[in-house]
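Trainee: data09.csv is reproduced below (CSV, N, CA and C atoms and all ligand atoms).
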chain,number,residue,atom,x,y,z
A,1,MET,N,-5.7,1.3,16.5
A,1,MET,CA,-5.5,1.1,15.1
A,1,MET,C,-6.2,2.2,14.3
A,2,LYS,N,-5.7,2.4,13.1
A,2,LYS,CA,-6.3,3.4,12.2
A,2,LYS,C,-5.9,3.0,10.7
A,3,ILE,N,-6.6,3.7,9.8
A,3,ILE,CA,-6.2,3.5,8.4
A,3,ILE,C,-4.9,4.3,8.2
A,4,ASP,N,-3.9,3.6,7.9
A,4,ASP,CA,-2.6,4.2,7.7
A,4,ASP,C,-2.5,5.0,6.4
A,5,HIS,N,-2.9,4.2,5.3
A,5,HIS,CA,-3.0,4.9,4.0
A,5,HIS,C,-3.9,4.1,3.1
A,6,ILE,N,-4.2,4.7,2.0
A,6,ILE,CA,-5.0,4.0,0.9
A,6,ILE,C,-4.0,4.1,-0.3
A,7,GLY,N,-3.8,2.9,-0.9
A,7,GLY,CA,-2.9,2.8,-2.0
A,7,GLY,C,-3.7,2.9,-3.3
A,8,ILE,N,-3.3,3.8,-4.2
A,8,ILE,CA,-4.0,3.9,-5.5
A,8,ILE,C,-3.0,3.7,-6.6
A,9,ALA,N,-3.3,2.8,-7.5
A,9,ALA,CA,-2.5,2.5,-8.6
A,9,ALA,C,-2.8,3.5,-9.7
A,10,VAL,N,-1.8,4.2,-10.2
A,10,VAL,CA,-2.0,5.3,-11.2
A,10,VAL,C,-1.0,5.0,-12.3
A,11,GLU,N,-1.4,5.6,-13.5
A,11,GLU,CA,-0.5,5.5,-14.6
A,11,GLU,C,0.7,6.4,-14.5
A,12,SER,N,0.4,7.6,-14.0
A,12,SER,CA,1.5,8.6,-13.9
A,12,SER,C,1.2,9.4,-12.6
A,13,ILE,N,2.2,9.4,-11.7
A,13,ILE,CA,2.1,10.1,-10.4
A,13,ILE,C,2.1,11.6,-10.8
A,14,GLU,N,2.9,12.0,-11.7
A,14,GLU,CA,3.1,13.4,-12.1
A,14,GLU,C,1.7,14.0,-12.5
A,15,LYS,N,1.0,13.2,-13.3
A,15,LYS,CA,-0.3,13.7,-13.8
A,15,LYS,C,-1.3,13.8,-12.7
A,16,VAL,N,-1.4,12.8,-11.9
A,16,VAL,CA,-2.4,12.8,-10.8
A,16,VAL,C,-2.1,13.8,-9.7
A,17,ALA,N,-0.8,14.1,-9.5
A,17,ALA,CA,-0.4,15.0,-8.4
A,17,ALA,C,-1.1,16.4,-8.6
A,18,GLN,N,-1.3,16.8,-9.8
A,18,GLN,CA,-2.0,18.1,-10.0
A,18,GLN,C,-3.4,18.1,-9.4
A,19,PHE,N,-4.1,17.0,-9.5
A,19,PHE,CA,-5.4,17.0,-8.9
A,19,PHE,C,-5.4,17.2,-7.4
A,20,TYR,N,-4.4,16.6,-6.8
A,20,TYR,CA,-4.3,16.7,-5.3
A,20,TYR,C,-3.8,18.1,-5.0
A,21,LYS,N,-2.9,18.6,-5.8
A,21,LYS,CA,-2.4,20.0,-5.6
A,21,LYS,C,-3.6,21.0,-5.6
A,22,ASP,N,-4.5,20.7,-6.5
A,22,ASP,CA,-5.7,21.6,-6.6
A,22,ASP,C,-6.6,21.5,-5.4
A,23,LEU,N,-6.4,20.4,-4.7
A,23,LEU,CA,-7.1,20.2,-3.4
A,23,LEU,C,-6.3,20.7,-2.2
A,24,GLU,N,-5.2,21.4,-2.6
A,24,GLU,CA,-4.2,21.9,-1.6
A,24,GLU,C,-3.5,20.8,-0.8
A,25,LEU,N,-3.3,19.6,-1.5
A,25,LEU,CA,-2.6,18.5,-0.8
A,25,LEU,C,-1.3,18.3,-1.7
A,26,ASP,N,-0.2,18.2,-1.0
A,26,ASP,CA,1.1,18.0,-1.7
A,26,ASP,C,1.7,16.7,-1.4
A,27,ILE,N,2.4,16.2,-2.4
A,27,ILE,CA,3.3,15.0,-2.2
A,27,ILE,C,4.4,15.4,-1.2
A,28,CYS,N,4.5,14.6,-0.1
A,28,CYS,CA,5.5,14.9,0.9
A,28,CYS,C,6.7,14.0,0.8
A,29,HIS,N,6.6,12.9,0.1
A,29,HIS,CA,7.7,12.0,0.0
A,29,HIS,C,7.5,11.0,-1.2
A,30,THR,N,8.6,10.8,-1.9
A,30,THR,CA,8.5,9.8,-3.0
A,30,THR,C,9.7,8.9,-2.9
A,31,GLU,N,9.5,7.6,-3.1
A,31,GLU,CA,10.6,6.7,-3.1
A,31,GLU,C,10.3,5.5,-4.1
A,32,GLU,N,11.4,4.9,-4.5
A,32,GLU,CA,11.2,3.7,-5.3
A,32,GLU,C,11.4,2.4,-4.5
A,33,VAL,N,10.4,1.5,-4.6
A,33,VAL,CA,10.5,0.3,-3.9
A,33,VAL,C,10.8,-0.8,-4.9
A,34,LYS,N,12.2,-1.1,-5.0
A,34,LYS,CA,12.7,-1.8,-6.1
A,34,LYS,C,12.1,-3.2,-6.2
A,35,ASP,N,11.9,-3.9,-5.1
A,35,ASP,CA,11.5,-5.3,-5.2
A,35,ASP,C,10.0,-5.4,-5.6
A,36,GLN,N,9.3,-4.3,-5.5
A,36,GLN,CA,7.9,-4.2,-6.0
A,36,GLN,C,7.8,-3.5,-7.4
A,37,GLN,N,9.0,-3.1,-7.9
A,37,GLN,CA,9.0,-2.4,-9.2
A,37,GLN,C,8.0,-1.3,-9.2
A,38,VAL,N,8.1,-0.4,-8.2
A,38,VAL,CA,7.1,0.6,-8.1
A,38,VAL,C,7.7,1.9,-7.5
A,39,LYS,N,7.1,3.0,-8.0
A,39,LYS,CA,7.4,4.3,-7.4
A,39,LYS,C,6.3,4.7,-6.5
A,40,ALA,N,6.5,5.1,-5.3
A,40,ALA,CA,5.4,5.4,-4.4
A,40,ALA,C,5.6,6.9,-3.9
A,41,SER,N,4.5,7.6,-4.0
A,41,SER,CA,4.4,9.0,-3.5
A,41,SER,C,3.4,9.1,-2.4
A,42,MET,N,3.7,9.8,-1.3
A,42,MET,CA,2.8,9.9,-0.2
A,42,MET,C,2.2,11.3,-0.1
A,43,ILE,N,0.9,11.3,0.1
A,43,ILE,CA,0.2,12.6,0.3
A,43,ILE,C,-0.4,12.6,1.7
A,44,MET,N,0.0,13.5,2.6
A,44,MET,CA,-0.6,13.5,3.9
A,44,MET,C,-2.0,14.1,3.9
A,45,ILE,N,-2.9,13.4,4.6
A,45,ILE,CA,-4.2,13.9,4.8
A,45,ILE,C,-4.5,13.7,6.3
A,46,GLY,N,-4.4,14.7,7.1
A,46,GLY,CA,-4.5,14.5,8.5
A,46,GLY,C,-3.6,13.4,9.0
A,47,GLU,N,-4.2,12.5,9.7
A,47,GLU,CA,-3.4,11.4,10.3
A,47,GLU,C,-3.2,10.3,9.2
A,48,SER,N,-3.9,10.3,8.1
A,48,SER,CA,-3.8,9.3,7.1
A,48,SER,C,-3.0,9.8,5.9
A,49,ARG,N,-2.8,8.9,5.0
A,49,ARG,CA,-2.1,9.3,3.8
A,49,ARG,C,-2.7,8.6,2.6
A,50,ILE,N,-2.5,9.2,1.4
A,50,ILE,CA,-2.8,8.5,0.2
A,50,ILE,C,-1.4,8.1,-0.4
A,51,GLU,N,-1.3,6.9,-0.9
A,51,GLU,CA,-0.1,6.4,-1.5
A,51,GLU,C,-0.3,6.2,-3.0
A,52,LEU,N,0.3,7.0,-3.8
A,52,LEU,CA,0.1,6.9,-5.2
A,52,LEU,C,1.2,5.9,-5.7
A,53,LEU,N,0.8,4.9,-6.5
A,53,LEU,CA,1.7,3.9,-6.9
A,53,LEU,C,1.8,3.9,-8.4
A,54,GLU,N,3.0,4.1,-8.9
A,54,GLU,CA,3.2,4.1,-10.4
A,54,GLU,C,4.2,3.0,-10.6
A,55,SER,N,3.9,2.1,-11.6
A,55,SER,CA,4.7,1.0,-11.9
A,55,SER,C,6.0,1.4,-12.6
A,56,LEU,N,7.1,0.8,-12.3
A,56,LEU,CA,8.3,1.0,-13.0
A,56,LEU,C,8.5,0.0,-14.1
A,57,SER,N,7.6,-1.0,-14.1
A,57,SER,CA,7.7,-2.1,-15.1
A,57,SER,C,6.3,-2.7,-15.3
A,58,PRO,N,6.0,-3.1,-16.6
A,58,PRO,CA,4.7,-3.7,-16.8
A,58,PRO,C,4.6,-5.1,-16.1
A,59,GLU,N,5.8,-5.7,-15.8
A,59,GLU,CA,5.9,-7.0,-15.2
A,59,GLU,C,5.7,-6.9,-13.6
A,60,GLY,N,5.8,-5.7,-13.1
A,60,GLY,CA,5.6,-5.6,-11.6
A,60,GLY,C,4.2,-5.8,-11.2
A,61,PRO,N,3.9,-5.9,-9.9
A,61,PRO,CA,2.5,-6.2,-9.4
A,61,PRO,C,1.6,-5.0,-9.7
A,62,ILE,N,2.1,-3.8,-9.7
A,62,ILE,CA,1.2,-2.6,-10.0
A,62,ILE,C,0.9,-2.6,-11.5
A,63,GLY,N,2.0,-2.8,-12.3
A,63,GLY,CA,1.8,-2.9,-13.8
A,63,GLY,C,0.8,-3.9,-14.2
A,64,LYS,N,0.9,-5.1,-13.6
A,64,LYS,CA,-0.1,-6.1,-13.9
A,64,LYS,C,-1.5,-5.8,-13.4
A,65,PHE,N,-1.6,-5.1,-12.3
A,65,PHE,CA,-2.9,-4.7,-11.7
A,65,PHE,C,-3.6,-3.7,-12.7
A,66,ILE,N,-2.8,-2.7,-13.1
A,66,ILE,CA,-3.4,-1.7,-14.0
A,66,ILE,C,-3.8,-2.3,-15.4
A,67,ALA,N,-3.0,-3.3,-15.9
A,67,ALA,CA,-3.3,-3.9,-17.1
A,67,ALA,C,-4.6,-4.7,-17.0
A,68,LYS,N,-4.9,-5.2,-15.8
A,68,LYS,CA,-6.1,-6.0,-15.6
A,68,LYS,C,-7.3,-5.2,-15.2
A,69,LYS,N,-7.1,-4.2,-14.3
A,69,LYS,CA,-8.3,-3.5,-13.8
A,69,LYS,C,-8.3,-2.0,-14.1
A,70,GLY,N,-7.2,-1.5,-14.7
A,70,GLY,CA,-7.1,-0.1,-14.9
A,70,GLY,C,-6.7,0.6,-13.6
A,71,PRO,N,-6.4,1.9,-13.7
A,71,PRO,CA,-6.0,2.6,-12.5
A,71,PRO,C,-7.2,2.7,-11.5
A,72,SER,N,-6.9,2.3,-10.3
A,72,SER,CA,-8.0,2.4,-9.3
A,72,SER,C,-7.4,2.1,-7.9
A,73,ILE,N,-8.2,2.0,-6.9
A,73,ILE,CA,-7.8,1.7,-5.5
A,73,ILE,C,-7.1,0.3,-5.6
A,74,HIS,N,-5.9,0.3,-5.1
A,74,HIS,CA,-5.1,-1.0,-5.1
A,74,HIS,C,-5.2,-1.7,-3.7
A,75,HIS,N,-5.0,-0.9,-2.6
A,75,HIS,CA,-5.1,-1.6,-1.3
A,75,HIS,C,-5.5,-0.6,-0.2
A,76,ILE,N,-5.9,-1.1,0.9
A,76,ILE,CA,-6.1,-0.2,2.1
A,76,ILE,C,-5.2,-0.7,3.2
A,77,ALA,N,-4.4,0.2,3.8
A,77,ALA,CA,-3.4,-0.2,4.8
A,77,ALA,C,-3.9,0.1,6.2
A,78,ILE,N,-3.8,-0.9,7.0
A,78,ILE,CA,-4.3,-0.7,8.4
A,78,ILE,C,-3.0,-0.9,9.3
A,79,GLU,N,-2.9,0.1,10.2
A,79,GLU,CA,-1.7,0.0,11.1
A,79,GLU,C,-2.0,-1.0,12.2
A,80,VAL,N,-1.1,-1.9,12.5
A,80,VAL,CA,-1.2,-2.8,13.7
A,80,VAL,C,0.0,-2.6,14.6
A,81,GLN,N,-0.1,-3.1,15.8
A,81,GLN,CA,1.0,-3.0,16.8
A,81,GLN,C,2.1,-4.0,16.6
A,82,ASN,N,1.7,-5.3,16.5
A,82,ASN,CA,2.7,-6.3,16.4
A,82,ASN,C,2.3,-7.2,15.2
A,83,LEU,N,3.0,-6.8,14.1
A,83,LEU,CA,2.6,-7.5,12.8
A,83,LEU,C,2.8,-9.0,12.8
A,84,GLU,N,4.0,-9.4,13.3
A,84,GLU,CA,4.3,-10.8,13.3
A,84,GLU,C,3.2,-11.6,14.0
A,85,ALA,N,2.8,-11.2,15.2
A,85,ALA,CA,1.8,-11.9,16.0
A,85,ALA,C,0.5,-11.9,15.3
A,86,LYS,N,0.2,-10.7,14.7
A,86,LYS,CA,-1.1,-10.6,14.0
A,86,LYS,C,-1.2,-11.6,12.8
A,87,LEU,N,-0.1,-11.7,12.0
A,87,LEU,CA,-0.1,-12.6,10.9
A,87,LEU,C,-0.2,-14.1,11.3
A,88,LYS,N,0.4,-14.4,12.4
A,88,LYS,CA,0.3,-15.8,13.0
A,88,LYS,C,-1.1,-16.1,13.4
A,89,GLU,N,-1.7,-15.1,14.0
A,89,GLU,CA,-3.1,-15.2,14.5
A,89,GLU,C,-4.1,-15.4,13.3
A,90,LEU,N,-3.9,-14.6,12.3
A,90,LEU,CA,-4.8,-14.7,11.1
A,90,LEU,C,-4.6,-16.0,10.4
A,91,GLU,N,-3.3,-16.5,10.3
A,91,GLU,CA,-3.1,-17.7,9.6
A,91,GLU,C,-3.7,-18.9,10.4
A,92,GLU,N,-3.6,-18.8,11.7
A,92,GLU,CA,-4.2,-19.9,12.5
A,92,GLU,C,-5.8,-19.9,12.3
A,93,LYS,N,-6.3,-18.7,12.1
A,93,LYS,CA,-7.8,-18.7,11.8
A,93,LYS,C,-8.2,-19.1,10.4
A,94,GLY,N,-7.2,-19.4,9.6
A,94,GLY,CA,-7.5,-19.9,8.2
A,94,GLY,C,-7.6,-18.8,7.1
A,95,TYR,N,-7.2,-17.6,7.5
A,95,TYR,CA,-7.2,-16.6,6.4
A,95,TYR,C,-6.0,-16.8,5.5
A,96,SER,N,-6.3,-16.3,4.2
A,96,SER,CA,-5.2,-16.5,3.2
A,96,SER,C,-4.3,-15.3,3.2
A,97,LEU,N,-3.0,-15.5,3.4
A,97,LEU,CA,-2.1,-14.4,3.5
A,97,LEU,C,-1.2,-14.4,2.3
A,98,ILE,N,-0.9,-13.3,1.7
A,98,ILE,CA,0.1,-13.2,0.6
A,98,ILE,C,1.5,-13.2,1.2
A,99,ASP,N,1.6,-12.5,2.4
A,99,ASP,CA,2.9,-12.5,3.1
A,99,ASP,C,2.7,-13.2,4.4
A,100,LYS,N,3.3,-14.3,4.7
A,100,LYS,CA,3.2,-15.0,6.0
A,100,LYS,C,4.1,-14.4,7.0
A,101,THR,N,5.2,-13.7,6.5
A,101,THR,CA,6.1,-13.0,7.4
A,101,THR,C,6.2,-11.6,6.8
A,102,PRO,N,6.5,-10.6,7.7
A,102,PRO,CA,6.6,-9.2,7.3
A,102,PRO,C,7.7,-9.0,6.3
A,103,ARG,N,7.5,-8.0,5.4
A,103,ARG,CA,8.6,-7.6,4.5
A,103,ARG,C,8.7,-6.1,4.6
A,104,MET,N,9.8,-5.5,4.0
A,104,MET,CA,10.0,-4.1,4.1
A,104,MET,C,9.2,-3.4,3.1
A,105,GLY,N,8.4,-2.4,3.5
A,105,GLY,CA,7.6,-1.6,2.6
A,105,GLY,C,8.2,-0.2,2.5
A,106,ALA,N,7.5,0.7,1.8
A,106,ALA,CA,7.9,2.1,1.7
A,106,ALA,C,8.0,2.7,3.1
A,107,GLY,N,9.0,3.6,3.3
A,107,GLY,CA,9.2,4.3,4.5
A,107,GLY,C,9.9,3.4,5.6
A,108,GLY,N,10.4,2.3,5.2
A,108,GLY,CA,11.1,1.4,6.1
A,108,GLY,C,10.2,0.7,7.1
A,109,ASN,N,8.9,0.7,6.8
A,109,ASN,CA,7.9,0.0,7.7
A,109,ASN,C,7.8,-1.5,7.4
A,110,LYS,N,7.4,-2.3,8.4
A,110,LYS,CA,7.2,-3.7,8.1
A,110,LYS,C,5.7,-3.8,7.6
A,111,ILE,N,5.6,-4.5,6.5
A,111,ILE,CA,4.2,-4.7,5.9
A,111,ILE,C,4.0,-6.1,5.5
A,112,ALA,N,2.7,-6.4,5.4
A,112,ALA,CA,2.3,-7.8,4.9
A,112,ALA,C,0.9,-7.6,4.2
A,113,PHE,N,0.7,-8.3,3.2
A,113,PHE,CA,-0.6,-8.3,2.5
A,113,PHE,C,-1.5,-9.5,2.8
A,114,VAL,N,-2.8,-9.2,3.0
A,114,VAL,CA,-3.8,-10.2,3.2
A,114,VAL,C,-4.5,-10.4,1.9
A,115,HIS,N,-4.7,-11.6,1.4
A,115,HIS,CA,-5.4,-11.9,0.1
A,115,HIS,C,-6.8,-11.3,0.1
A,116,PRO,N,-7.2,-10.7,-1.0
A,116,PRO,CA,-8.6,-10.2,-1.1
A,116,PRO,C,-9.7,-11.2,-0.8
A,117,LYS,N,-9.4,-12.5,-1.1
A,117,LYS,CA,-10.4,-13.5,-0.9
A,117,LYS,C,-10.7,-13.7,0.6
A,118,SER,N,-9.8,-13.2,1.4
A,118,SER,CA,-10.1,-13.3,2.9
A,118,SER,C,-10.6,-12.1,3.5
A,119,SER,N,-10.7,-11.0,2.7
A,119,SER,CA,-11.1,-9.7,3.3
A,119,SER,C,-12.2,-9.0,2.5
A,120,GLY,N,-13.0,-9.8,1.8
A,120,GLY,CA,-14.2,-9.2,1.2
A,120,GLY,C,-13.9,-8.6,-0.2
A,121,GLY,N,-12.8,-8.9,-0.8
A,121,GLY,CA,-12.5,-8.4,-2.1
A,121,GLY,C,-11.5,-7.3,-2.3
A,122,VAL,N,-11.1,-6.8,-1.1
A,122,VAL,CA,-10.1,-5.7,-1.2
A,122,VAL,C,-8.8,-6.1,-0.6
A,123,LEU,N,-7.7,-5.9,-1.4
A,123,LEU,CA,-6.4,-6.2,-0.9
A,123,LEU,C,-6.1,-5.3,0.4
A,124,ILE,N,-5.7,-6.0,1.5
A,124,ILE,CA,-5.5,-5.3,2.7
A,124,ILE,C,-4.0,-5.4,3.1
A,125,GLU,N,-3.4,-4.3,3.3
A,125,GLU,CA,-2.0,-4.2,3.8
A,125,GLU,C,-2.0,-4.0,5.3
A,126,LEU,N,-1.3,-4.8,6.0
A,126,LEU,CA,-1.1,-4.5,7.5
A,126,LEU,C,0.3,-3.9,7.6
A,127,CYS,N,0.4,-2.9,8.4
A,127,CYS,CA,1.7,-2.3,8.5
A,127,CYS,C,2.0,-2.0,10.0
A,128,GLU,N,3.3,-2.1,10.3
A,128,GLU,CA,3.8,-1.8,11.6
A,128,GLU,C,4.8,-0.7,11.5
A,129,LYS,N,4.6,0.4,12.2
A,129,LYS,CA,5.6,1.5,12.1
A,129,LYS,C,6.9,1.2,12.8
A,130,CYS,N,8.0,1.4,12.1
A,130,CYS,CA,9.3,1.1,12.7
A,130,CYS,C,10.0,2.3,13.3
A,131,LYS,N,9.4,3.5,13.1
A,131,LYS,CA,10.0,4.7,13.7
A,131,LYS,C,8.9,5.6,14.3
B,201,ZN,ZN,0.7,0.6,0.9
How would this structure read if it were set down as structure tokens?
Ligand code: ZN

Mentor:
Amino acid sequence: MKIDHIGIAVESIEKVAQFYKDLELDICHTEEVKDQQVKASMIMIGESRIELLESLSPEGPIGKFIAKKGPSIHHIAIEVQNLEAKLKELEEKGYSLIDKTPRMGAGGNKIAFVHPKSSGGVLIELCEKCK
């Protein structure tokens, strides 16, 4: 297991990208995840990534998050081997899951979110690489 990426909610990917460029880190991939109403840009840092998240709508989860908390760290994503089995195991142990079954995330990976109340206050994304 490793930290796959850290998701950061930003008001404008374009504006924040300059900061990372000045650190000699470039955006390697951008895509829109329609069902999350979000644009996601990936910045590779060694084996991990930073995922910049810009809302496409104030009604989307990132739009609501920024309205409430301002731009900041949104989630930490941990790579797991068998996501379905892990979700079942966590549910049996009584943890609160936002997604009880995996859904499609950026990059075509299977992802699921664990509620911050079960993880010490930080939204945790579990992800399983599909390629
Ligand atoms: Zn993520």

Trainee: Do you have the CA of Leu53 (chain A)-atom N of Ser12 (chain A) distance handy?

Mentor: 8.1 Å

Trainee: Enumerate residues in contact with ligand ZN 201 (chain B): an atom-to-atom distance of at most 7 Å, counting all atoms listed in the file. Format the result as a ChimeraX atom specification.

Mentor: /A:5-7,51,75-77,106,125

Trainee: Okay, now the selection with N, CA and C atoms, as an mmCIF file, in the coordinates of the input?

Mentor:
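Written out: again-v8.cif:
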data_model
loop_
_atom_site.group_PDB
_atom_site.id
_atom_site.type_symbol
_atom_site.label_atom_id
_atom_site.label_comp_id
_atom_site.auth_asym_id
_atom_site.auth_seq_id
_atom_site.Cartn_x
_atom_site.Cartn_y
_atom_site.Cartn_z
ATOM 1 N N HIS A 5 -2.900 4.200 5.300
ATOM 2 C CA HIS A 5 -3.000 4.900 4.000
ATOM 3 C C HIS A 5 -3.900 4.100 3.100
ATOM 4 N N ILE A 6 -4.200 4.700 2.000
ATOM 5 C CA ILE A 6 -5.000 4.000 0.900
ATOM 6 C C ILE A 6 -4.000 4.100 -0.300
ATOM 7 N N GLY A 7 -3.800 2.900 -0.900
ATOM 8 C CA GLY A 7 -2.900 2.800 -2.000
ATOM 9 C C GLY A 7 -3.700 2.900 -3.300
ATOM 10 N N GLU A 51 -1.300 6.900 -0.900
ATOM 11 C CA GLU A 51 -0.100 6.400 -1.500
ATOM 12 C C GLU A 51 -0.300 6.200 -3.000
ATOM 13 N N HIS A 75 -5.000 -0.900 -2.600
ATOM 14 C CA HIS A 75 -5.100 -1.600 -1.300
ATOM 15 C C HIS A 75 -5.500 -0.600 -0.200
ATOM 16 N N ILE A 76 -5.900 -1.100 0.900
ATOM 17 C CA ILE A 76 -6.100 -0.200 2.100
ATOM 18 C C ILE A 76 -5.200 -0.700 3.200
ATOM 19 N N ALA A 77 -4.400 0.200 3.800
ATOM 20 C CA ALA A 77 -3.400 -0.200 4.800
ATOM 21 C C ALA A 77 -3.900 0.100 6.200
ATOM 22 N N ALA A 106 7.500 0.700 1.800
ATOM 23 C CA ALA A 106 7.900 2.100 1.700
ATOM 24 C C ALA A 106 8.000 2.700 3.100
ATOM 25 N N GLU A 125 -3.400 -4.300 3.300
ATOM 26 C CA GLU A 125 -2.000 -4.200 3.800
ATOM 27 C C GLU A 125 -2.000 -4.000 5.300
#

Trainee: Quick one: residues within 7 Å of Lys2 (chain A), only N, CA and C atoms counted, chain neighbours fewer than 6 positions away excluded, as a compact mmCIF listing (two decimals) with N, CA and C atoms, in the coordinates of the input?

Mentor:
# COMPACT_ATOMS: atom_id res chain seq x y z
N ALA A 77 -4.40 0.20 3.80
CA ALA A 77 -3.40 -0.20 4.80
C ALA A 77 -3.90 0.10 6.20
N ILE A 78 -3.80 -0.90 7.00
CA ILE A 78 -4.30 -0.70 8.40
C ILE A 78 -3.00 -0.90 9.30
N GLU A 79 -2.90 0.10 10.20
CA GLU A 79 -1.70 0.00 11.10
C GLU A 79 -2.00 -1.00 12.20
N VAL A 80 -1.10 -1.90 12.50
CA VAL A 80 -1.20 -2.80 13.70
C VAL A 80 0.00 -2.60 14.60

Trainee: Return as a ChimeraX atom specification the full set of residues in region 64-120 of chain A whose backbone-based DSSP assignment is strand (DSSP E or B).

Mentor: /A:72-79,97,103-104,110-114

Trainee: Quick one, how far is atom N of Leu56 (chain A) from atom N of Gly105 (chain A)?

Mentor: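 Value for the atom N of Leu56 (chain A)-atom N of Gly105 (chain A) distance: 16.2 Å.
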
Trainee: So that I can see what lies close to Leu52 (chain A), please list as JSON, numbers by chain the residues with an atom at most 12 Å from it, counting only C-alpha atoms and leaving out residues fewer than 6 positions away in the same chain.

Mentor: {"A": [5, 6, 7, 8, 9, 10, 11, 12, 13, 14, 15, 16, 17, 20, 26, 27, 28, 29, 30, 31, 32, 38, 39, 40, 41, 42, 43, 44, 62, 71, 72, 73, 74, 75, 76, 106]}

Trainee: Go through chain A and collect every residue that DSSP, computed from the backbone, puts in alpha helix (DSSP H); the answer should be as JSON, numbers by chain.

Mentor: {"A": [13, 14, 15, 16, 17, 18, 19, 20, 21, 22, 61, 62, 63, 64, 65, 66, 67, 68, 69, 83, 84, 85, 86, 87, 88, 89, 90, 91, 92]}

Trainee: So how far away is CA of Ile50 (chain A) from atom C of Asp99 (chain A), in Å?

Mentor: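 About the pair atom C of Asp99 (chain A) and CA of Ile50 (chain A): they are 22.8 Å apart.
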
Trainee: Which one of A:Pro102, A:Gly63, A:Gly120, A:Gly70 sits closest to Glu84 (chain A) if you count all atoms listed in the file?

Mentor: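 Going through A:Pro102, A:Gly63, A:Gly120, A:Gly70 one by one, the smallest distance to Glu84 (chain A) is for A:Pro102.
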
Trainee: Under the rule that all atoms listed in the file are counted, which of A:Leu87, A:Gly121, A:Gln81, A:Gly60 is the nearest residue to Met1 (chain A)?

Mentor: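 For Met1 (chain A), the nearest of the given residues is A:Gln81.
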
Trainee: Can you write region 64-68 of chain A from the block above with all heavy atoms, as a compact mmCIF listing (two decimals), in the first residue's frame?

Mentor:
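The resulting file, out-v2.txt, is shown below:
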# COMPACT_ATOMS: atom_id res chain seq x y z
N LYS A 64 -19.38 22.64 -3.08
CA LYS A 64 -19.96 22.76 -1.73
C LYS A 64 -18.86 22.78 -0.67
O LYS A 64 -18.93 23.52 0.30
CB LYS A 64 -20.92 21.60 -1.46
CG LYS A 64 -22.24 21.75 -2.18
CD LYS A 64 -23.16 20.59 -1.82
CE LYS A 64 -24.46 20.65 -2.60
NZ LYS A 64 -25.16 19.37 -2.60
N PHE A 65 -17.84 21.93 -0.89
CA PHE A 65 -16.72 21.86 0.05
C PHE A 65 -16.01 23.22 0.15
O PHE A 65 -15.74 23.71 1.24
CB PHE A 65 -15.74 20.77 -0.41
CG PHE A 65 -14.50 20.65 0.44
CD1 PHE A 65 -14.49 19.84 1.57
CD2 PHE A 65 -13.34 21.34 0.10
CE1 PHE A 65 -13.34 19.73 2.35
CE2 PHE A 65 -12.19 21.23 0.88
CZ PHE A 65 -12.19 20.42 2.01
N ILE A 66 -15.73 23.84 -1.02
CA ILE A 66 -15.03 25.12 -1.03
C ILE A 66 -15.89 26.22 -0.39
O ILE A 66 -15.40 27.06 0.36
CB ILE A 66 -14.59 25.50 -2.46
CG1 ILE A 66 -13.44 24.59 -2.90
CG2 ILE A 66 -14.18 26.97 -2.55
CD1 ILE A 66 -12.94 24.79 -4.32
N ALA A 67 -17.21 26.18 -0.65
CA ALA A 67 -18.10 27.18 -0.04
C ALA A 67 -18.05 27.08 1.48
O ALA A 67 -18.13 28.08 2.19
CB ALA A 67 -19.52 26.98 -0.56
N LYS A 68 -17.90 25.86 1.99
CA LYS A 68 -17.94 25.63 3.44
C LYS A 68 -16.58 25.85 4.08
O LYS A 68 -16.48 26.46 5.14
CB LYS A 68 -18.40 24.19 3.67
CG LYS A 68 -19.08 23.95 5.01
CD LYS A 68 -19.75 22.57 5.01
CE LYS A 68 -19.67 21.93 6.38
NZ LYS A 68 -20.00 20.50 6.33
